[in-house]
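Source file: my_file-v5.pdb. Holds: PDB, C-alpha atoms, pLDDT in the B column.
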```pdb
ATOM      1  CA  MET A 103    -144.519 -44.167-173.780  1.00 66.00           C
ATOM      2  CA  THR A 104    -140.914 -42.962-173.787  1.00 75.00           C
ATOM      3  CA  SER A 105    -141.761 -39.951-171.638  1.00 89.00           C
ATOM      4  CA  GLU A 106    -143.344 -42.258-169.010  1.00 91.00           C
ATOM      5  CA  LEU A 107    -140.258 -44.476-169.070  1.00 92.00           C
ATOM      6  CA  THR A 108    -137.990 -41.428-168.747  1.00 93.00           C
ATOM      7  CA  LEU A 109    -140.025 -40.166-165.797  1.00 93.00           C
ATOM      8  CA  LEU A 110    -139.812 -43.568-164.081  1.00 94.00           C
ATOM      9  CA  VAL A 111    -136.037 -43.711-164.540  1.00 95.00           C
ATOM     10  CA  LEU A 112    -135.652 -40.173-163.200  1.00 95.00           C
ATOM     11  CA  ARG A 113    -137.795 -40.993-160.157  1.00 95.00           C
ATOM     12  CA  LEU A 114    -135.774 -44.132-159.406  1.00 96.00           C
ATOM     13  CA  ALA A 115    -132.495 -42.237-159.829  1.00 97.00           C
ATOM     14  CA  PHE A 116    -133.742 -39.525-157.466  1.00 97.00           C
ATOM     15  CA  ILE A 117    -134.678 -42.139-154.817  1.00 97.00           C
ATOM     16  CA  VAL A 118    -131.277 -43.832-155.116  1.00 97.00           C
ATOM     17  CA  ILE A 119    -129.450 -40.500-154.783  1.00 97.00           C
ATOM     18  CA  LEU A 120    -131.625 -39.577-151.796  1.00 96.00           C
ATOM     19  CA  TRP A 121    -130.825 -42.870-150.030  1.00 96.00           C
ATOM     20  CA  LEU A 122    -127.106 -42.459-150.739  1.00 96.00           C
ATOM     21  CA  PHE A 123    -127.239 -38.978-149.218  1.00 96.00           C
ATOM     22  CA  ILE A 124    -128.975 -40.332-146.094  1.00 95.00           C
ATOM     23  CA  PHE A 125    -126.408 -43.165-145.844  1.00 94.00           C
ATOM     24  CA  PHE A 126    -123.479 -40.705-145.958  1.00 92.00           C
ATOM     25  CA  ILE A 127    -125.085 -38.505-143.283  1.00 91.00           C
ATOM     26  CA  VAL A 128    -125.599 -41.503-140.954  1.00 90.00           C
ATOM     27  CA  TYR A 129    -122.020 -42.682-141.594  1.00 86.00           C
ATOM     28  CA  ALA A 130    -120.598 -39.241-140.787  1.00 83.00           C
ATOM     29  CA  LEU A 131    -122.643 -38.984-137.585  1.00 82.00           C
ATOM     30  CA  ARG A 132    -121.609 -42.466-136.464  1.00 79.00           C
ATOM     31  CA  SER A 133    -117.968 -41.730-137.130  1.00 72.00           C
ATOM     32  CA  ASP A 134    -118.166 -38.426-135.233  1.00 72.00           C
ATOM     33  CA  LEU A 135    -120.001 -39.894-132.242  1.00 72.00           C
ATOM     34  CA  PHE A 136    -118.096 -43.151-131.844  1.00 69.00           C
ATOM     35  CA  GLY A 137    -114.817 -42.340-133.574  1.00 60.00           C
ATOM     36  CA  GLN A 138    -112.639 -44.671-135.549  1.00 56.00           C
ATOM     37  CA  ARG A 139    -110.969 -47.690-134.034  1.00 58.00           C
ATOM     38  CA  ALA A 140    -107.350 -47.155-133.102  1.00 54.00           C
ATOM     39  CA  LYS A 141    -104.965 -48.976-135.393  1.00 57.00           C
ATOM     40  CA  ARG A 142    -102.642 -51.554-133.882  1.00 60.00           C
ATOM     41  CA  LEU A 143     -98.952 -51.203-134.482  1.00 57.00           C
ATOM     42  CA  PRO A 144     -97.247 -54.086-136.310  1.00 61.00           C
ATOM     43  CA  ASN A 145     -95.577 -56.586-133.970  1.00 59.00           C
ATOM     44  CA  ASP A 146     -92.096 -55.273-134.752  1.00 57.00           C
ATOM     45  CA  GLN A 147     -93.171 -51.738-133.763  1.00 53.00           C
ATOM     46  CA  GLN A 148     -94.858 -52.466-130.426  1.00 52.00           C
ATOM     47  CA  PRO A 149     -93.726 -50.359-127.439  1.00 51.00           C
ATOM     48  CA  ALA A 150     -90.818 -51.916-125.535  1.00 49.00           C
ATOM     49  CA  ALA A 151     -92.212 -51.870-121.986  1.00 44.00           C
ATOM     50  CA  PRO A 152     -95.346 -54.007-122.575  1.00 38.00           C
ATOM     51  CA  GLN A 153     -93.361 -56.639-124.496  1.00 38.00           C
ATOM     52  CA  GLN A 154     -90.860 -57.028-121.658  1.00 37.00           C
ATOM     53  CA  ALA A 155     -93.621 -57.300-119.103  1.00 37.00           C
ATOM     54  CA  GLN A 156     -95.320 -60.086-121.079  1.00 39.00           C
ATOM     55  CA  SER A 157     -92.146 -62.088-121.686  1.00 39.00           C
ATOM     56  CA  ALA A 158     -90.932 -62.015-118.060  1.00 40.00           C
ATOM     57  CA  PRO A 159     -92.182 -64.890-115.882  1.00 41.00           C
ATOM     58  CA  ALA A 160     -94.214 -63.500-112.975  1.00 41.00           C
ATOM     59  CA  PRO A 161     -93.048 -65.737-110.061  1.00 41.00           C
ATOM     60  CA  ALA A 162     -89.314 -65.364-110.753  1.00 42.00           C
ATOM     61  CA  GLN A 163     -89.589 -61.586-111.228  1.00 40.00           C
ATOM     62  CA  ALA A 164     -91.778 -60.817-108.198  1.00 40.00           C
ATOM     63  CA  PRO A 165     -88.996 -59.346-105.994  1.00 40.00           C
ATOM     64  CA  ARG A 166     -87.710 -57.135-108.834  1.00 41.00           C
ATOM     65  CA  GLN A 167     -91.112 -55.636-109.694  1.00 39.00           C
ATOM     66  CA  ALA A 168     -90.807 -53.165-106.836  1.00 40.00           C
ATOM     67  CA  ALA A 169     -88.765 -50.926-109.193  1.00 38.00           C
ATOM     68  CA  PRO A 170     -90.418 -51.204-112.643  1.00 39.00           C
ATOM     69  CA  ALA A 171     -88.261 -48.473-114.230  1.00 40.00           C
ATOM     70  CA  ALA A 172     -84.980 -50.362-113.695  1.00 36.00           C
ATOM     71  CA  PRO A 173     -85.406 -53.137-116.324  1.00 37.00           C
ATOM     72  CA  ARG A 174     -86.329 -50.758-119.170  1.00 43.00           C
ATOM     73  CA  ALA A 175     -84.140 -47.809-118.185  1.00 41.00           C
ATOM     74  CA  PRO A 176     -81.546 -47.051-120.888  1.00 44.00           C
ATOM     75  CA  ALA A 177     -78.333 -45.138-120.238  1.00 43.00           C
ATOM     76  CA  GLY A 178     -80.145 -41.763-120.508  1.00 47.00           C
ATOM     77  CA  ALA A 179     -83.047 -42.726-118.238  1.00 48.00           C
ATOM     78  CA  ASN A 180     -82.842 -39.435-116.366  1.00 57.00           C
ATOM     79  CA  ASP A 181     -83.950 -37.699-119.571  1.00 70.00           C
ATOM     80  CA  VAL A 182     -87.287 -39.568-119.740  1.00 82.00           C
ATOM     81  CA  PRO A 183     -90.145 -37.218-118.775  1.00 86.00           C
ATOM     82  CA  SER A 184     -92.379 -38.418-115.951  1.00 86.00           C
ATOM     83  CA  ARG A 185     -95.295 -35.948-116.107  1.00 89.00           C
ATOM     84  CA  LEU A 186     -97.504 -34.172-118.596  1.00 92.00           C
ATOM     85  CA  VAL A 187     -98.223 -30.473-117.998  1.00 93.00           C
ATOM     86  CA  ILE A 188    -100.995 -28.649-119.882  1.00 93.00           C
ATOM     87  CA  THR A 189     -99.723 -25.185-120.794  1.00 93.00           C
ATOM     88  CA  LYS A 190    -102.654 -23.838-122.843  1.00 93.00           C
ATOM     89  CA  GLY A 191    -106.355 -24.592-123.070  1.00 89.00           C
ATOM     90  CA  ALA A 192    -109.327 -25.256-120.816  1.00 88.00           C
ATOM     91  CA  LYS A 193    -107.266 -27.421-118.435  1.00 88.00           C
ATOM     92  CA  ASN A 194    -104.291 -25.026-118.260  1.00 90.00           C
ATOM     93  CA  GLY A 195    -101.992 -25.900-115.339  1.00 90.00           C
ATOM     94  CA  LEU A 196    -103.137 -29.519-115.002  1.00 90.00           C
ATOM     95  CA  GLU A 197    -100.305 -31.940-114.313  1.00 92.00           C
ATOM     96  CA  MET A 198    -100.599 -35.699-114.566  1.00 90.00           C
ATOM     97  CA  PRO A 199     -98.073 -38.498-114.123  1.00 90.00           C
ATOM     98  CA  LEU A 200     -97.201 -40.400-117.294  1.00 87.00           C
ATOM     99  CA  GLY A 201     -96.592 -43.843-115.806  1.00 83.00           C
ATOM    100  CA  ASP A 202     -95.236 -46.420-118.229  1.00 80.00           C
ATOM    101  CA  GLY A 203     -98.275 -47.360-120.299  1.00 80.00           C
ATOM    102  CA  PRO A 204     -99.873 -45.672-123.284  1.00 90.00           C
ATOM    103  CA  LEU A 205    -101.908 -42.523-122.674  1.00 91.00           C
ATOM    104  CA  THR A 206    -104.870 -41.913-124.975  1.00 92.00           C
ATOM    105  CA  ILE A 207    -106.042 -38.378-125.719  1.00 93.00           C
ATOM    106  CA  GLY A 208    -109.418 -37.324-127.113  1.00 92.00           C
ATOM    107  CA  ARG A 209    -113.031 -36.372-126.401  1.00 91.00           C
ATOM    108  CA  SER A 210    -114.082 -39.927-125.511  1.00 89.00           C
ATOM    109  CA  ASN A 211    -114.770 -40.794-121.876  1.00 89.00           C
ATOM    110  CA  GLU A 212    -112.493 -43.802-122.463  1.00 89.00           C
ATOM    111  CA  SER A 213    -109.488 -41.509-123.009  1.00 90.00           C
ATOM    112  CA  ASN A 214    -106.901 -41.041-120.261  1.00 90.00           C
ATOM    113  CA  LEU A 215    -106.721 -37.314-121.025  1.00 90.00           C
ATOM    114  CA  ILE A 216    -110.142 -35.981-122.007  1.00 91.00           C
ATOM    115  CA  ILE A 217    -110.087 -32.767-124.042  1.00 91.00           C
ATOM    116  CA  ARG A 218    -113.523 -31.409-124.836  1.00 89.00           C
ATOM    117  CA  ASP A 219    -113.334 -28.866-127.633  1.00 87.00           C
ATOM    118  CA  ASP A 220    -114.594 -28.603-131.200  1.00 87.00           C
ATOM    119  CA  TYR A 221    -111.166 -29.321-132.709  1.00 90.00           C
ATOM    120  CA  THR A 222    -110.409 -32.585-130.880  1.00 91.00           C
ATOM    121  CA  SER A 223    -111.504 -35.944-132.290  1.00 90.00           C
ATOM    122  CA  THR A 224    -113.091 -38.673-130.193  1.00 89.00           C
ATOM    123  CA  HIS A 225    -109.886 -40.747-130.321  1.00 90.00           C
ATOM    124  CA  HIS A 226    -107.355 -38.109-131.306  1.00 93.00           C
ATOM    125  CA  ALA A 227    -103.860 -39.240-130.338  1.00 94.00           C
ATOM    126  CA  ARG A 228    -101.851 -41.732-128.307  1.00 94.00           C
ATOM    127  CA  LEU A 229     -98.755 -41.002-126.228  1.00 93.00           C
ATOM    128  CA  MET A 230     -96.681 -44.113-125.551  1.00 91.00           C
ATOM    129  CA  LEU A 231     -93.317 -45.134-124.170  1.00 89.00           C
ATOM    130  CA  TRP A 232     -91.323 -46.713-126.988  1.00 87.00           C
ATOM    131  CA  ASN A 233     -87.742 -47.876-126.438  1.00 87.00           C
ATOM    132  CA  GLY A 234     -87.299 -45.556-123.463  1.00 86.00           C
ATOM    133  CA  ARG A 235     -88.680 -42.457-125.256  1.00 90.00           C
ATOM    134  CA  TRP A 236     -92.156 -40.936-125.294  1.00 92.00           C
ATOM    135  CA  VAL A 237     -93.717 -41.018-128.745  1.00 94.00           C
ATOM    136  CA  ILE A 238     -96.868 -39.229-129.979  1.00 94.00           C
ATOM    137  CA  GLN A 239     -99.070 -40.950-132.559  1.00 94.00           C
ATOM    138  CA  ASP A 240    -101.972 -39.236-134.324  1.00 93.00           C
ATOM    139  CA  LEU A 241    -104.961 -41.590-134.610  1.00 91.00           C
ATOM    140  CA  ASP A 242    -106.216 -40.247-137.972  1.00 88.00           C
ATOM    141  CA  SER A 243    -107.742 -37.195-136.324  1.00 90.00           C
ATOM    142  CA  THR A 244    -109.563 -34.617-138.405  1.00 88.00           C
ATOM    143  CA  ASN A 245    -107.607 -31.542-137.288  1.00 91.00           C
ATOM    144  CA  GLY A 246    -104.259 -33.191-136.627  1.00 92.00           C
ATOM    145  CA  THR A 247    -101.708 -33.348-133.835  1.00 94.00           C
ATOM    146  CA  PHE A 248     -98.797 -30.902-133.835  1.00 95.00           C
ATOM    147  CA  LEU A 249     -95.329 -31.170-132.278  1.00 94.00           C
ATOM    148  CA  ASN A 250     -93.628 -27.753-132.046  1.00 93.00           C
ATOM    149  CA  GLY A 251     -95.926 -26.486-134.823  1.00 93.00           C
ATOM    150  CA  THR A 252     -95.279 -29.395-137.227  1.00 93.00           C
ATOM    151  CA  ARG A 253     -98.092 -31.829-138.000  1.00 94.00           C
ATOM    152  CA  VAL A 254     -97.441 -35.386-136.785  1.00 93.00           C
ATOM    153  CA  THR A 255     -98.135 -37.987-139.495  1.00 91.00           C
ATOM    154  CA  VAL A 256     -96.117 -40.923-138.125  1.00 93.00           C
ATOM    155  CA  PRO A 257     -95.271 -41.878-134.527  1.00 93.00           C
ATOM    156  CA  THR A 258     -92.779 -39.173-133.503  1.00 93.00           C
ATOM    157  CA  PRO A 259     -90.537 -38.950-130.417  1.00 93.00           C
ATOM    158  CA  VAL A 260     -91.466 -36.081-128.082  1.00 92.00           C
ATOM    159  CA  PRO A 261     -88.456 -34.302-126.544  1.00 92.00           C
ATOM    160  CA  THR A 262     -88.667 -32.934-123.005  1.00 90.00           C
ATOM    161  CA  ASN A 263     -90.371 -29.490-122.896  1.00 91.00           C
ATOM    162  CA  ALA A 264     -91.500 -29.708-126.551  1.00 92.00           C
ATOM    163  CA  THR A 265     -94.997 -28.336-127.187  1.00 94.00           C
ATOM    164  CA  VAL A 266     -97.657 -30.796-128.372  1.00 94.00           C
ATOM    165  CA  THR A 267    -100.900 -29.202-129.607  1.00 94.00           C
ATOM    166  CA  ILE A 268    -104.197 -31.048-129.909  1.00 93.00           C
ATOM    167  CA  GLY A 269    -107.173 -28.867-130.784  1.00 90.00           C
ATOM    168  CA  THR A 270    -106.953 -25.747-128.619  1.00 92.00           C
ATOM    169  CA  THR A 271    -104.933 -27.515-125.913  1.00 93.00           C
ATOM    170  CA  SER A 272    -101.132 -27.526-125.693  1.00 94.00           C
ATOM    171  CA  PHE A 273     -99.020 -29.588-123.319  1.00 93.00           C
ATOM    172  CA  GLU A 274     -95.405 -30.456-122.584  1.00 93.00           C
ATOM    173  CA  LEU A 275     -93.659 -33.508-121.170  1.00 92.00           C
ATOM    174  CA  ARG A 276     -91.457 -32.654-118.208  1.00 89.00           C
ATOM    175  CA  ARG A 277     -89.214 -34.497-115.772  1.00 86.00           C
TER     176      ARG A 277
END
```

Transcribe the structure of this file into structure tokens.
Amino acid sequence: MTSELTLLVLRLAFIVILWLFIFFIVYALRSDLFGQRAKRLPNDQQPAAPQQAQSAPAPAQAPRQAAPAAPRAPAGANDVPSRLVITKGAKNGLEMPLGDGPLTIGRSNESNLIIRDDYTSTHHARLMLWNGRWVIQDLDSTNGTFLNGTRVTVPTPVPTNATVTIGTTSFELRR
């Protein structure tokens, strides 16, 4: 009787372990295919440009919106890069304007800069204008985001002509 009970317990344990294994495989596939949701910054750490645009009344500011860089331009506004240049990787030589909104980088078709390689996550990183400076934020990517060879773990300002590496692609911010 005890050997039958032991066999039953072992069979049930095997089935539970098998289902847990299948669950972890499905979870890993889902996470790889759809990525993780980007985390929102706390309200006190939101980028400066979007907050100013939301707080300004639209009718009174209509004539001034012709020059959007003027309201947010600090004293060193000439130092703010205006374009992203890919210096290494499959899209070497590609230049794109930065604008003033956040730029998402990853394998997803929803990204502003799509990098398709085995070392880039679906939602890999975000480049955003924060208090007049461009900042790179890693979105919990698997292989990391690097600024001049150092892994980025917190939102980090990106100096002009500094090398940012994501997967096998490197790029610089230039004026």

- Message: Let me make sure I understand: among A:Leu205, A:Ile217, A:Leu109, A:Ile238, which one has the smallest atom-to-atom distance to Ala192 of chain A if we use only C-alpha atoms?
- Response: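 Ranked by minimum distance to Ala192 of chain A, first place goes to A:Ile217.
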
Could you spell out the hits of the PyMOL selection byres ((chain A and resi 200) around 9) on the shown file, as a PDB file with C-alpha atoms, keeping the file's coordinate frame?
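New file selection_3.pdb:
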```pdb
ATOM      1  CA  PRO A 183     -90.145 -37.218-118.775  1.00 86.00           C
ATOM      2  CA  SER A 184     -92.379 -38.418-115.951  1.00 86.00           C
ATOM      3  CA  ARG A 185     -95.295 -35.948-116.107  1.00 89.00           C
ATOM      4  CA  LEU A 186     -97.504 -34.172-118.596  1.00 92.00           C
ATOM      5  CA  MET A 198    -100.599 -35.699-114.566  1.00 90.00           C
ATOM      6  CA  PRO A 199     -98.073 -38.498-114.123  1.00 90.00           C
ATOM      7  CA  GLY A 201     -96.592 -43.843-115.806  1.00 83.00           C
ATOM      8  CA  ASP A 202     -95.236 -46.420-118.229  1.00 80.00           C
ATOM      9  CA  GLY A 203     -98.275 -47.360-120.299  1.00 80.00           C
ATOM     10  CA  PRO A 204     -99.873 -45.672-123.284  1.00 90.00           C
ATOM     11  CA  LEU A 205    -101.908 -42.523-122.674  1.00 91.00           C
ATOM     12  CA  LEU A 275     -93.659 -33.508-121.170  1.00 92.00           C
TER      13      LEU A 275
END
```

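Here the question is which of A:Leu110, A:Val187, A:Val182, A:Leu122 gets nearest to Gly234 of chain A using all atoms listed in the file, and that residue is A:Val182.
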
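We find atom CA of Asp220 of chain A and atom CA of Gly269 of chain A to be spaced 7.4 Å apart.
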
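Here atom CA of Val254 of chain A and atom CA of Gln239 of chain A stand 7.2 Å from one another.
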
- Evaluating the PyMOL selection byres ((chain A and resi 257) around 10) on the displayed file yields which residues, as a list of chain:residue names?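 Expected selection for the PyMOL selection byres ((chain A and resi 257) around 10) here is A:Ala227, A:Arg228, A:Leu229, A:Met230, A:Trp232, A:Trp236, A:Val237, A:Ile238, A:Gln239, A:Asp240, A:Leu241, A:Val254, A:Thr255, A:Val256, A:Thr258, A:Pro259, A:Val260.
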
Next, dump the selected residues to file, keeping only C-alpha atoms, as a PDB file, in the coordinates of the input.
```pdb
ATOM      1  CA  ALA A 227    -103.860 -39.240-130.338  1.00 94.00           C
ATOM      2  CA  ARG A 228    -101.851 -41.732-128.307  1.00 94.00           C
ATOM      3  CA  LEU A 229     -98.755 -41.002-126.228  1.00 93.00           C
ATOM      4  CA  MET A 230     -96.681 -44.113-125.551  1.00 91.00           C
ATOM      5  CA  TRP A 232     -91.323 -46.713-126.988  1.00 87.00           C
ATOM      6  CA  TRP A 236     -92.156 -40.936-125.294  1.00 92.00           C
ATOM      7  CA  VAL A 237     -93.717 -41.018-128.745  1.00 94.00           C
ATOM      8  CA  ILE A 238     -96.868 -39.229-129.979  1.00 94.00           C
ATOM      9  CA  GLN A 239     -99.070 -40.950-132.559  1.00 94.00           C
ATOM     10  CA  ASP A 240    -101.972 -39.236-134.324  1.00 93.00           C
ATOM     11  CA  LEU A 241    -104.961 -41.590-134.610  1.00 91.00           C
ATOM     12  CA  VAL A 254     -97.441 -35.386-136.785  1.00 93.00           C
ATOM     13  CA  THR A 255     -98.135 -37.987-139.495  1.00 91.00           C
ATOM     14  CA  VAL A 256     -96.117 -40.923-138.125  1.00 93.00           C
ATOM     15  CA  THR A 258     -92.779 -39.173-133.503  1.00 93.00           C
ATOM     16  CA  PRO A 259     -90.537 -38.950-130.417  1.00 93.00           C
ATOM     17  CA  VAL A 260     -91.466 -36.081-128.082  1.00 92.00           C
TER      18      VAL A 260
END
```

Box along x, y and z, 3 Å on every side, all listed atoms of segment 211-226 of chain A inside: centre and edge lengths in Å to one decimal, as lines of an AutoDock Vina configuration file.
```
center_x = -110.7
center_y = -36.2
center_z = -126.5
size_x = 14.0
size_y = 21.2
size_z = 18.4
```

- Message: Could you tell me how far atom CA of Val266 of chain A sits from atom CA of Thr247 of chain A, in Å to one decimal place?
- Response: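 Rounded to one decimal, the two atoms are 7.3 Å apart.
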
- Query: Using only C-alpha atoms, can you list as a list in words the residues within 7 Å of (-88.5, -32.6, -120.1)?
  - Reply: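 Residues close enough to count: Asp181, Pro183, Pro261, Thr262, Asn263, Leu275, Arg276 and Arg277 of chain A.
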
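Among the candidate residues A:Ser272, A:Thr224, A:Thr206, A:Thr108, the one lying nearest to Arg132 of chain A is A:Thr224, with distances computed using only C-alpha atoms.
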
- Task: Would you mind listing what lies within 9 Å of Lys190 of chain A as an MDAnalysis selection string, with only C-alpha atoms counted and same-chain residues fewer than 5 positions away left out?
- Result: chainID A and resid 195 267 270:273

Can you spit out the residues from that selection as a CSV table (one decimal), in the coordinates of the input, using C-alpha atoms?
```csv
chain,number,residue,atom,x,y,z
A,195,GLY,CA,-102.0,-25.9,-115.3
A,267,THR,CA,-100.9,-29.2,-129.6
A,270,THR,CA,-107.0,-25.7,-128.6
A,271,THR,CA,-104.9,-27.5,-125.9
A,272,SER,CA,-101.1,-27.5,-125.7
A,273,PHE,CA,-99.0,-29.6,-123.3
```

- Message: Applying the PyMOL selection byres ((chain A and resi 250) around 8) to the file I just gave you, which residues come out? Please list them as a count of residues only.
- Response: 8

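Compared by their closest atoms to Arg209 of chain A, and using all atoms listed in the file, the residues A:Trp121, A:Phe126, A:Tyr221, A:Phe116 rank with A:Tyr221 nearest.
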